[in-house]
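This is data06.cif (mmCIF, C-alpha atoms and all ligand atoms).
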```cif
data_upload
loop_
_atom_site.label_atom_id
_atom_site.label_comp_id
_atom_site.auth_asym_id
_atom_site.auth_seq_id
_atom_site.Cartn_x
_atom_site.Cartn_y
_atom_site.Cartn_z
CA MET A 285 85.68 114.95 44.18
CA ASN A 286 81.97 114.58 44.77
CA GLN A 287 79.60 117.50 44.48
CA GLN A 288 78.87 117.67 48.22
CA THR A 289 82.54 118.00 49.07
CA LEU A 290 82.90 120.72 46.46
CA ALA A 291 79.87 122.57 47.84
CA ARG A 292 81.43 122.38 51.32
CA LEU A 293 84.64 123.93 49.96
CA ALA A 294 82.63 126.83 48.54
CA GLN A 295 80.86 127.25 51.89
CA VAL A 296 84.19 127.34 53.72
CA LEU A 297 85.39 130.11 51.39
CA MET A 298 82.23 132.13 52.01
CA ALA A 299 81.80 131.36 55.73
CA GLY A 300 81.51 133.97 58.47
CA ASP A 301 82.78 137.44 57.74
CA LYS A 302 85.87 136.64 55.66
CA GLY A 303 86.62 137.56 52.05
CA LEU A 304 89.05 136.77 49.26
CA LEU A 305 92.35 138.47 48.48
CA ALA A 306 92.79 138.84 44.71
CA MET A 307 96.55 138.86 44.10
CA ASP A 308 96.35 137.34 40.63
CA GLU A 309 97.12 140.38 38.49
CA GLY A 310 99.20 139.29 35.52
CA ASN A 311 102.80 140.41 35.12
CA ALA A 312 101.85 143.37 32.89
CA SER A 313 99.24 144.73 35.35
CA CYS A 314 101.52 144.17 38.34
CA ASN A 315 104.41 145.89 36.55
CA LYS A 316 102.18 148.84 35.71
CA ARG A 317 101.36 149.27 39.41
CA PHE A 318 105.07 148.99 40.26
CA ALA A 319 106.17 151.41 37.51
CA VAL A 320 104.02 154.33 38.74
CA ARG A 321 105.59 153.89 42.18
CA GLY A 322 109.18 153.51 40.98
CA ILE A 323 109.34 149.83 42.05
CA ALA A 324 111.56 147.54 39.93
CA GLU A 325 109.50 145.46 37.49
CA THR A 326 111.11 142.02 37.93
CA ALA A 327 109.85 138.53 38.75
CA GLU A 328 111.84 138.62 42.00
CA VAL A 329 110.26 141.89 43.17
CA ARG A 330 106.79 140.59 42.27
CA ARG A 331 107.61 137.49 44.34
CA CYS A 332 108.76 139.65 47.29
CA TRP A 333 105.56 141.71 47.17
CA ARG A 334 103.42 138.60 47.17
CA GLU A 335 105.49 137.01 49.96
CA LEU A 336 104.94 140.17 52.00
CA MET A 337 101.17 139.84 51.53
CA VAL A 338 100.79 136.13 52.32
CA THR A 339 103.03 136.33 55.41
CA THR A 340 101.04 139.18 56.96
CA PRO A 341 100.41 138.11 60.57
CA GLY A 342 96.69 137.62 61.25
CA LEU A 343 95.65 137.72 57.57
CA GLY A 344 93.88 134.35 57.87
CA GLU A 345 91.47 135.86 60.40
CA CYS A 346 89.94 138.07 57.69
CA ILE A 347 90.83 136.28 54.43
CA SER A 348 89.54 132.79 53.56
CA GLY A 349 91.16 132.45 50.13
CA ALA A 350 93.84 134.10 48.03
CA ILE A 351 93.84 134.05 44.23
CA LEU A 352 97.32 133.63 42.73
CA CYS A 353 98.53 133.93 39.15
CA ASP A 354 100.50 131.28 37.27
CA GLU A 355 103.85 132.91 38.10
CA THR A 356 103.22 133.00 41.87
CA ILE A 357 101.85 129.48 42.28
CA ARG A 358 105.17 128.18 40.87
CA GLN A 359 107.35 130.42 43.09
CA GLN A 360 108.56 129.86 46.64
CA LEU A 361 108.85 132.01 49.73
CA SER A 362 112.37 132.90 50.85
CA LYS A 363 112.19 130.17 53.50
CA GLY A 364 111.81 127.56 50.72
CA ILE A 365 108.12 126.59 50.82
CA SER A 366 105.61 127.16 48.04
CA PHE A 367 103.01 129.95 48.17
CA ALA A 368 100.27 127.30 48.44
CA GLU A 369 102.01 125.78 51.48
CA ALA A 370 102.42 129.21 53.06
CA LEU A 371 98.73 129.97 52.53
CA THR A 372 97.72 126.63 54.07
CA GLU A 373 99.89 127.47 57.12
CA ALA A 374 97.99 130.77 57.35
CA ASN A 375 94.61 128.98 57.13
CA ILE A 376 93.94 130.52 53.69
CA MET A 377 92.78 128.45 50.71
CA THR A 378 94.79 128.73 47.48
CA GLY A 379 93.05 129.93 44.33
CA ILE A 380 94.37 130.40 40.81
CA LYS A 381 93.45 132.67 37.91
CA VAL A 382 93.13 130.44 34.86
CA ASP A 383 91.80 132.70 32.12
CA GLY A 384 94.14 133.72 29.32
CA GLY A 385 93.24 137.41 29.41
CA VAL A 386 90.96 139.59 27.30
CA LYS A 387 91.30 139.96 23.54
CA ASP A 388 89.34 141.94 20.94
CA LEU A 389 86.07 140.25 19.99
CA ALA A 390 86.10 139.66 16.25
CA ALA A 391 83.57 141.72 14.24
CA HIS A 392 82.69 143.82 17.32
CA PRO A 393 85.02 146.81 17.59
CA GLY A 394 85.57 147.96 21.18
CA GLU A 395 84.29 144.72 22.73
CA LYS A 396 86.32 142.02 24.46
CA ILE A 397 86.30 138.25 24.83
CA THR A 398 88.28 136.26 27.38
CA GLU A 399 90.46 133.49 25.97
CA GLY A 400 91.88 130.37 27.57
CA LEU A 401 89.47 127.41 27.25
CA ASP A 402 91.78 125.32 25.02
CA GLY A 403 93.85 122.92 27.15
CA LEU A 404 92.13 124.13 30.32
CA ARG A 405 91.32 120.61 31.60
CA ASP A 406 95.05 119.74 31.70
CA ARG A 407 95.96 123.05 33.33
CA PHE A 408 93.32 122.49 36.03
CA ASN A 409 94.81 119.09 36.81
CA GLU A 410 98.25 120.62 37.16
CA TYR A 411 97.02 123.49 39.36
CA PHE A 412 95.22 121.01 41.61
CA LEU A 413 98.53 119.19 42.13
CA LEU A 414 100.17 122.55 42.89
CA GLY A 415 97.64 123.06 45.71
CA ALA A 416 94.85 125.18 44.18
CA ARG A 417 91.31 124.41 45.37
CA PHE A 418 89.44 127.21 43.66
CA ALA A 419 89.90 129.12 40.40
CA LYS A 420 88.86 132.37 38.75
CA TRP A 421 87.91 133.44 35.22
CA ARG A 422 87.24 137.11 34.40
CA SER A 423 85.13 138.42 31.54
CA VAL A 424 85.02 142.10 30.67
CA ILE A 425 81.96 143.95 29.44
CA THR A 426 82.52 147.47 28.17
CA LEU A 427 79.78 150.12 28.17
CA GLY A 428 79.64 152.60 25.31
CA LYS A 429 77.64 153.69 22.30
CA GLY A 430 75.79 150.53 21.19
CA MET A 431 77.82 148.44 23.63
CA PRO A 432 77.62 145.85 24.92
CA GLY A 433 75.98 143.93 22.10
CA GLN A 434 74.32 140.55 22.43
CA ALA A 435 77.31 138.81 20.82
CA CYS A 436 79.71 140.05 23.50
CA ILE A 437 77.39 139.18 26.38
CA GLU A 438 76.58 135.68 25.08
CA ALA A 439 80.15 134.78 24.08
CA ASN A 440 81.50 135.78 27.48
CA ALA A 441 78.69 134.09 29.41
CA HIS A 442 79.32 130.89 27.44
CA ALA A 443 83.07 130.98 28.17
CA LEU A 444 82.44 131.58 31.89
CA ALA A 445 80.11 128.59 32.04
CA ARG A 446 82.53 126.32 30.13
CA PHE A 447 85.28 127.37 32.56
CA ALA A 448 83.04 126.72 35.59
CA ALA A 449 82.06 123.23 34.42
CA LEU A 450 85.69 122.22 33.78
CA CYS A 451 86.72 123.70 37.11
CA GLN A 452 84.17 121.64 39.05
CA GLU A 453 85.16 118.53 37.08
CA ALA A 454 88.74 119.08 38.35
CA GLY A 455 87.51 119.29 41.97
CA MET A 456 87.89 123.04 42.32
CA VAL A 457 85.39 125.79 43.12
CA PRO A 458 84.85 128.24 40.23
CA VAL A 459 84.80 131.97 40.88
CA VAL A 460 82.74 133.33 37.99
CA GLU A 461 83.66 136.96 37.30
CA PRO A 462 81.63 138.89 34.73
CA GLU A 463 82.88 142.47 35.12
CA VAL A 464 80.85 145.37 33.78
CA LEU A 465 83.52 148.08 33.66
CA MET A 466 83.21 151.39 35.51
CA THR A 467 84.97 153.26 32.69
CA GLY A 468 82.69 155.79 30.95
CA ASP A 469 80.12 158.48 31.65
CA HIS A 470 77.09 156.16 31.86
CA ASN A 471 74.79 156.55 34.84
CA LEU A 472 73.81 154.02 37.51
CA VAL A 473 70.60 153.06 35.69
CA ARG A 474 72.58 152.09 32.57
CA CYS A 475 75.04 150.03 34.66
CA LEU A 476 72.06 148.34 36.31
CA GLU A 477 70.45 147.53 32.94
CA VAL A 478 73.65 145.99 31.58
CA THR A 479 74.55 144.13 34.80
CA GLU A 480 71.06 142.57 34.72
CA LEU A 481 71.48 141.45 31.10
CA VAL A 482 74.90 140.01 31.87
CA LEU A 483 73.88 138.12 35.03
CA HIS A 484 70.80 136.75 33.29
CA ALA A 485 72.96 135.45 30.41
CA VAL A 486 75.61 134.05 32.76
CA PHE A 487 73.16 132.06 34.91
CA ASN A 488 71.37 130.82 31.80
CA GLN A 489 74.68 129.48 30.45
CA LEU A 490 75.70 128.04 33.82
CA PHE A 491 72.42 126.10 33.78
CA ILE A 492 72.88 124.94 30.19
CA GLN A 493 76.45 123.75 30.86
CA GLY A 494 75.38 121.82 33.98
CA VAL A 495 77.30 123.85 36.54
CA ASN A 496 76.47 123.04 40.16
CA LEU A 497 75.34 126.36 41.65
CA ASP A 498 75.90 125.08 45.21
CA ALA A 499 79.62 124.86 44.50
CA MET A 500 80.47 128.19 42.88
CA ILE A 501 81.10 131.80 43.81
CA LEU A 502 79.94 134.82 41.80
CA LYS A 503 82.37 137.74 41.54
CA PRO A 504 80.40 140.65 40.06
CA ASN A 505 80.80 144.41 39.83
CA MET A 506 78.75 146.62 42.10
CA VAL A 507 76.05 148.60 40.30
CA LEU A 508 77.66 152.04 40.01
CA PRO A 509 77.61 155.18 37.91
CA GLY A 510 80.54 155.40 35.44
CA LEU A 511 83.74 156.99 36.71
CA SER A 512 83.18 160.11 34.59
CA CYS A 513 79.40 160.36 35.10
CA VAL A 514 78.52 163.84 36.38
CA HIS A 515 75.94 162.49 38.83
CA GLN A 516 77.47 160.24 41.49
CA ASP A 517 74.80 158.38 43.47
CA THR A 518 74.79 158.08 47.26
CA MET A 519 76.00 155.05 49.15
CA ASP A 520 72.44 153.95 49.94
CA GLU A 521 71.33 154.29 46.31
CA ILE A 522 74.26 152.15 45.20
CA ALA A 523 73.61 149.58 47.93
CA ASP A 524 69.90 149.39 46.97
CA ALA A 525 70.52 149.08 43.23
CA THR A 526 73.23 146.45 43.66
CA VAL A 527 71.41 144.25 46.15
CA HIS A 528 68.10 144.36 44.27
CA CYS A 529 69.86 143.52 41.01
CA LEU A 530 71.56 140.51 42.64
CA LEU A 531 68.34 139.36 44.31
CA ARG A 532 66.63 139.32 40.92
CA HIS A 533 69.36 137.36 39.13
CA VAL A 534 71.45 135.21 41.48
CA PRO A 535 69.80 131.96 42.61
CA ALA A 536 69.70 131.32 46.35
CA ALA A 537 71.68 128.08 45.87
CA VAL A 538 74.85 130.09 45.22
CA PRO A 539 76.72 130.20 48.57
CA GLY A 540 78.39 133.55 48.11
CA ILE A 541 78.94 136.70 46.11
CA ALA A 542 82.36 138.36 46.36
CA PHE A 543 82.64 141.76 44.69
CA LEU A 544 85.56 142.95 42.60
CA SER A 545 86.61 146.53 43.37
CA GLY A 546 86.92 147.62 39.74
CA GLY A 547 88.71 150.93 40.29
CA GLN A 548 86.76 152.18 43.33
CA MET A 549 88.78 153.95 46.00
CA PRO A 550 89.68 151.53 48.82
CA VAL A 551 87.58 153.31 51.45
CA GLU A 552 84.59 153.57 49.06
CA ALA A 553 84.78 149.85 48.32
CA SER A 554 84.62 149.05 52.04
CA ALA A 555 81.89 151.60 52.78
CA ARG A 556 79.62 150.42 49.95
CA LEU A 557 79.97 146.76 50.92
CA GLY A 558 79.31 147.81 54.51
CA ALA A 559 76.14 149.68 53.52
CA MET A 560 74.79 146.62 51.66
CA ASN A 561 75.36 144.30 54.60
CA ALA A 562 74.15 146.79 57.21
CA ARG A 563 70.87 147.25 55.40
CA PHE A 564 70.18 143.84 53.87
CA ARG A 565 72.38 141.13 55.45
CA SER A 566 69.64 139.41 57.43
CA ARG A 567 67.48 139.10 54.28
CA LEU A 568 70.06 137.77 51.83
CA PRO A 569 70.22 134.11 50.75
CA TRP A 570 73.97 134.28 50.03
CA ALA A 571 77.03 135.75 51.75
CA LEU A 572 77.97 139.18 50.41
CA THR A 573 81.71 139.71 50.66
CA PHE A 574 84.80 141.01 48.85
CA SER A 575 87.40 139.71 46.44
CA TYR A 576 89.35 142.93 45.95
CA SER A 577 92.70 143.44 44.31
CA ARG A 578 93.38 147.17 43.85
CA ALA A 579 91.16 148.30 46.75
CA ILE A 580 92.97 146.06 49.22
CA GLN A 581 96.54 146.01 47.86
CA GLU A 582 97.21 149.55 46.70
CA PRO A 583 97.36 151.35 50.08
CA ALA A 584 99.89 148.74 51.26
CA LEU A 585 101.85 149.04 48.01
CA ASP A 586 102.02 152.82 48.55
CA VAL A 587 103.61 152.19 51.94
CA TRP A 588 106.02 149.47 50.73
CA LEU A 589 107.42 151.05 47.54
CA GLY A 590 109.78 148.07 47.22
CA ARG A 591 111.64 148.86 50.47
CA GLU A 592 112.51 146.03 52.85
CA SER A 593 112.50 148.56 55.70
CA ALA A 594 108.80 149.31 55.06
CA ALA A 595 107.63 145.68 54.83
CA GLN A 596 106.10 145.53 58.30
CA ALA A 597 104.29 148.85 57.90
CA ALA A 598 102.92 147.65 54.54
CA GLN A 599 101.64 144.43 56.14
CA HIS A 600 99.96 146.53 58.81
CA THR A 601 98.22 148.59 56.09
CA LEU A 602 97.13 145.46 54.21
CA LEU A 603 95.69 143.96 57.39
CA HIS A 604 93.91 147.21 58.17
CA ARG A 605 92.09 147.16 54.79
CA ALA A 606 91.27 143.47 55.24
CA ARG A 607 89.82 144.21 58.67
CA CYS A 608 87.77 147.15 57.37
CA ASN A 609 86.32 144.89 54.66
CA GLN A 610 85.66 142.17 57.22
CA ALA A 611 83.70 144.70 59.30
CA ALA A 612 81.81 145.60 56.11
CA CYS A 613 80.83 141.93 55.72
CA ARG A 614 79.30 142.03 59.19
CA GLY A 615 77.50 145.28 58.34
CA GLU A 616 79.60 147.00 61.00
CA TYR A 617 81.82 149.22 58.87
CA SER A 618 82.01 152.88 59.84
CA ALA A 619 84.35 155.69 58.78
CA ALA A 620 85.71 155.74 62.34
CA LEU A 621 87.25 152.31 61.71
CA GLU A 622 89.63 153.93 59.25
CA PHE A 623 91.36 155.61 62.17
CA SER A 624 91.70 152.48 64.31
CA SER A 625 95.01 150.62 64.25
P1 LIG B 1 89.97 144.72 41.35
O1 LIG B 1 89.46 144.52 42.74
O2 LIG B 1 91.22 145.54 41.28
O3 LIG B 1 88.92 145.15 40.39
O4 LIG B 1 90.44 143.30 40.85
C1 LIG B 1 89.61 142.23 41.02
C2 LIG B 1 90.04 141.17 40.12
O5 LIG B 1 90.30 140.09 40.54
C3 LIG B 1 90.15 141.46 38.68
O6 LIG B 1 90.14 140.28 37.99
#
```
Take the structure in the file and write it out as structure tokens.
Amino acid sequence: MNQQTLARLAQVLMAGDKGLLAMDEGNASCNKRFAVRGIAETAEVRRCWRELMVTTPGLGECISGAILCDETIRQQLSKGISFAEALTEANIMTGIKVDGGVKDLAAHPGEKITEGLDGLRDRFNEYFLLGARFAKWRSVITLGKGMPGQACIEANAHALARFAALCQEAGMVPVVEPEVLMTGDHNLVRCLEVTELVLHAVFNQLFIQGVNLDAMILKPNMVLPGLSCVHQDTMDEIADATVHCLLRHVPAAVPGIAFLSGGQMPVEASARLGAMNARFRSRLPWALTFSYSRAIQEPALDVWLGRESAAQAAQHTLLHRARCNQAACRGEYSAALEFSS
């Protein structure tokens, strides 16, 4: 695939006021979410949950792409078509998570490195044949005493760039996800400092590895105080810090930035994205949208609880969150929307 076609694919994903649905949690994470709700932790129930999501009527009006995991892209809907075919029918592009998960970084206690580069070229080729047109790789940066160190930041930035280059070679759009975790009592200024270091390292490596910035999507964290920080900043302070950080570090060639939710409450994740777009949208060189997993799925999962009888109500809840986030992309989110049907 030539670079212009790839850039167009990235533009399609980031066009208008749509966002991405991250439904690529691995089996262990998905099971954990099921376990706390008393839902059976089996491959078939995971398949049912994902079928419920992708068959939500109207989802394609707010979601441009859905990120699957390896298990789901090989499964079928009950009517006998693949998930990729079902997504195409819904006007949603198929994405795939290709990283091999986070492992301890040798010689750096408490820090993580994402594995999965070995054999990645062959896996990309297979996923392309299975219908994927974009792919995601997540790196995790932990904040703590003396953390993150340079070794963790550089190793993860390098892996993200190697992933992105291979992804583009395979004709797929890379979603580059360096996640600075919310866990901890650090304040917003510390999160800002680290997010700046990380984005600087990531774009340096993307340049070194020859990644085409026109044909990629950045999936960063918002700049936030830690979950257990005593001082929680206002929505406007968070919006300001996040947007200014991104303006300083993300080249204008990148077509879009799609935030992860990272453990924010669903309504907070919509409201903060809404505040950024309401205040800055007309001045931004890239689209600012969402690629949430927990903040979009969990309210619907709470309604479903594994019950066939609650499937329609759960789809309604999923669509509601998608619509709230879509309004946030337009800068039109307000708390009143939460009470609309
Ligand atoms: P959350 O929105 O739950 O942070 O998940 C995003 C994601 O894709 C993690 O890799």
Near-ligand residues for ligand LIG 1 (chain B), threshold 6 Å, all atoms listed in the file, as a list in words:
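Here is the list of contacting residues: Ala306, Arg422, Leu544, Ser545, Gly546, Gly547, Tyr576, Ser577, Arg578 and Ala579 of chain A.
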A:Val386: which residues within 6 Å, counting only C-alpha atoms, same-chain residues fewer than 5 positions away excluded, as a VMD selection string?
chain A and resid 396 to 398
Neighbours of A:Gly430 within 12 Å (all atoms listed in the file; same-chain residues fewer than 5 positions away dropped), as a ChimeraX atom specification?
/A:392-395,435-436,474,478
Would you mind reading off the distance between atom CA of A:Leu352 and atom CA of A:Thr601, one decimal, in Å?
20.1 Å
Between A:Leu508, A:Ala374, A:Cys608, A:Ala454, single out the one closest to A:Leu343, counting all atoms listed in the file.
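Closest candidate: A:Ala374.
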From the set A:Asn286, A:Ser348, A:Ser366, A:Gln452, which residue has the shortest atom-to-atom contact distance to A:Ala606, counting all atoms listed in the file?
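Among the listed residues, the smallest separation from A:Ala606 belongs to A:Ser348.
For the residues A:His470, A:Lys503, A:Arg591, A:His484, ranking by smallest atom-to-atom distance to A:Gly303 using only C-alpha atoms places A:Lys503 first.
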Using all atoms listed in the file, which residues sit within 12 Å of A:Ala319 once same-chain residues fewer than 6 positions away are excluded, as an mmCIF file with C-alpha atoms, in the frame of the given file?
```cif
data_model
loop_
_atom_site.group_PDB
_atom_site.id
_atom_site.type_symbol
_atom_site.label_atom_id
_atom_site.label_comp_id
_atom_site.auth_asym_id
_atom_site.auth_seq_id
_atom_site.Cartn_x
_atom_site.Cartn_y
_atom_site.Cartn_z
ATOM 1 C CA ASN A 311 102.800 140.410 35.120
ATOM 2 C CA ALA A 312 101.850 143.370 32.890
ATOM 3 C CA SER A 313 99.240 144.730 35.350
ATOM 4 C CA GLU A 325 109.500 145.460 37.490
ATOM 5 C CA THR A 326 111.110 142.020 37.930
ATOM 6 C CA VAL A 329 110.260 141.890 43.170
ATOM 7 C CA ARG A 330 106.790 140.590 42.270
ATOM 8 C CA LEU A 585 101.850 149.040 48.010
ATOM 9 C CA ASP A 586 102.020 152.820 48.550
ATOM 10 C CA LEU A 589 107.420 151.050 47.540
ATOM 11 C CA GLY A 590 109.780 148.070 47.220
#
```
Nearest candidate to A:Gly344 (options A:Met377, A:Gly510, A:Met456, A:Ile323; using only C-alpha atoms):
A:Met377
Residues near A:Met298, cut-off 7 Å, only C-alpha atoms, skip fewer than 6 positions along chain, as a count of residues only:
3
With distances taken over only C-alpha atoms, which of A:Lys302, A:Leu389, A:Trp421, A:Glu399 is nearest to A:Gly433?
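Under the stated criterion, the closest residue is A:Leu389.
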Residue rebuild result stretch 557-589 of chain A, N, CA and C atoms as a short mmCIF file (atom, residue, chain, number, x, y, z; two decimals), in the coordinates of the input:
```cif
data_model
loop_
_atom_site.label_atom_id
_atom_site.label_comp_id
_atom_site.auth_asym_id
_atom_site.auth_seq_id
_atom_site.Cartn_x
_atom_site.Cartn_y
_atom_site.Cartn_z
N LEU A 557 80.26 148.13 50.48
CA LEU A 557 79.97 146.76 50.92
C LEU A 557 79.34 146.78 52.31
N GLY A 558 79.85 147.68 53.15
CA GLY A 558 79.31 147.81 54.51
C GLY A 558 77.85 148.23 54.48
N ALA A 559 77.53 149.20 53.60
CA ALA A 559 76.14 149.68 53.52
C ALA A 559 75.20 148.56 53.08
N MET A 560 75.65 147.74 52.13
CA MET A 560 74.79 146.62 51.66
C MET A 560 74.51 145.64 52.79
N ASN A 561 75.56 145.28 53.54
CA ASN A 561 75.36 144.30 54.60
C ASN A 561 74.61 144.89 55.79
N ALA A 562 74.86 146.16 56.09
CA ALA A 562 74.15 146.79 57.21
C ALA A 562 72.65 146.81 56.94
N ARG A 563 72.29 147.06 55.70
CA ARG A 563 70.87 147.25 55.40
C ARG A 563 70.15 145.97 55.02
N PHE A 564 70.88 145.00 54.45
CA PHE A 564 70.18 143.84 53.87
C PHE A 564 70.63 142.47 54.39
N ARG A 565 71.73 142.42 55.16
CA ARG A 565 72.38 141.13 55.45
C ARG A 565 71.39 140.04 55.93
N SER A 566 70.51 140.42 56.84
CA SER A 566 69.64 139.41 57.43
C SER A 566 68.64 138.86 56.40
N ARG A 567 68.48 139.54 55.27
CA ARG A 567 67.48 139.10 54.28
C ARG A 567 68.10 138.46 53.05
N LEU A 568 69.41 138.28 53.04
CA LEU A 568 70.06 137.77 51.83
C LEU A 568 70.26 136.26 51.88
N PRO A 569 70.04 135.57 50.75
CA PRO A 569 70.22 134.11 50.75
C PRO A 569 71.68 133.68 50.61
N TRP A 570 72.56 134.61 50.23
CA TRP A 570 73.97 134.28 50.03
C TRP A 570 74.83 135.25 50.85
N ALA A 571 76.08 134.83 51.10
CA ALA A 571 77.03 135.75 51.75
C ALA A 571 77.38 136.85 50.75
N LEU A 572 77.60 138.04 51.25
CA LEU A 572 77.97 139.18 50.41
C LEU A 572 79.31 139.70 50.92
N THR A 573 80.38 139.41 50.15
CA THR A 573 81.71 139.71 50.66
C THR A 573 82.59 140.33 49.57
N PHE A 574 83.89 140.31 49.77
CA PHE A 574 84.80 141.01 48.85
C PHE A 574 85.83 140.06 48.26
N SER A 575 86.27 140.40 47.07
CA SER A 575 87.40 139.71 46.44
C SER A 575 88.20 140.80 45.72
N TYR A 576 88.73 141.73 46.52
CA TYR A 576 89.35 142.93 45.95
C TYR A 576 90.82 142.70 45.64
N SER A 577 91.26 143.38 44.59
CA SER A 577 92.70 143.44 44.31
C SER A 577 93.17 144.87 44.60
N ARG A 578 92.89 145.81 43.67
CA ARG A 578 93.38 147.17 43.85
C ARG A 578 92.96 147.78 45.19
N ALA A 579 91.66 147.61 45.56
CA ALA A 579 91.16 148.30 46.75
C ALA A 579 91.73 147.74 48.05
N ILE A 580 92.38 146.59 47.98
CA ILE A 580 92.97 146.06 49.22
C ILE A 580 94.50 146.14 49.17
N GLN A 581 95.08 146.02 47.96
CA GLN A 581 96.54 146.01 47.86
C GLN A 581 97.17 147.40 47.76
N GLU A 582 96.50 148.33 47.08
CA GLU A 582 97.21 149.55 46.70
C GLU A 582 97.67 150.42 47.88
N PRO A 583 96.84 150.56 48.96
CA PRO A 583 97.36 151.35 50.08
C PRO A 583 98.64 150.74 50.66
N ALA A 584 98.69 149.41 50.72
CA ALA A 584 99.89 148.74 51.26
C ALA A 584 101.07 148.90 50.30
N LEU A 585 100.78 148.86 49.01
CA LEU A 585 101.85 149.04 48.01
C LEU A 585 102.44 150.45 48.11
N ASP A 586 101.56 151.43 48.39
CA ASP A 586 102.02 152.82 48.55
C ASP A 586 102.96 152.95 49.74
N VAL A 587 102.74 152.14 50.77
CA VAL A 587 103.61 152.19 51.94
C VAL A 587 104.93 151.46 51.65
N TRP A 588 104.84 150.33 50.96
CA TRP A 588 106.02 149.47 50.73
C TRP A 588 107.03 150.11 49.78
N LEU A 589 106.57 150.46 48.59
CA LEU A 589 107.42 151.05 47.54
C LEU A 589 108.69 150.24 47.29
#
```
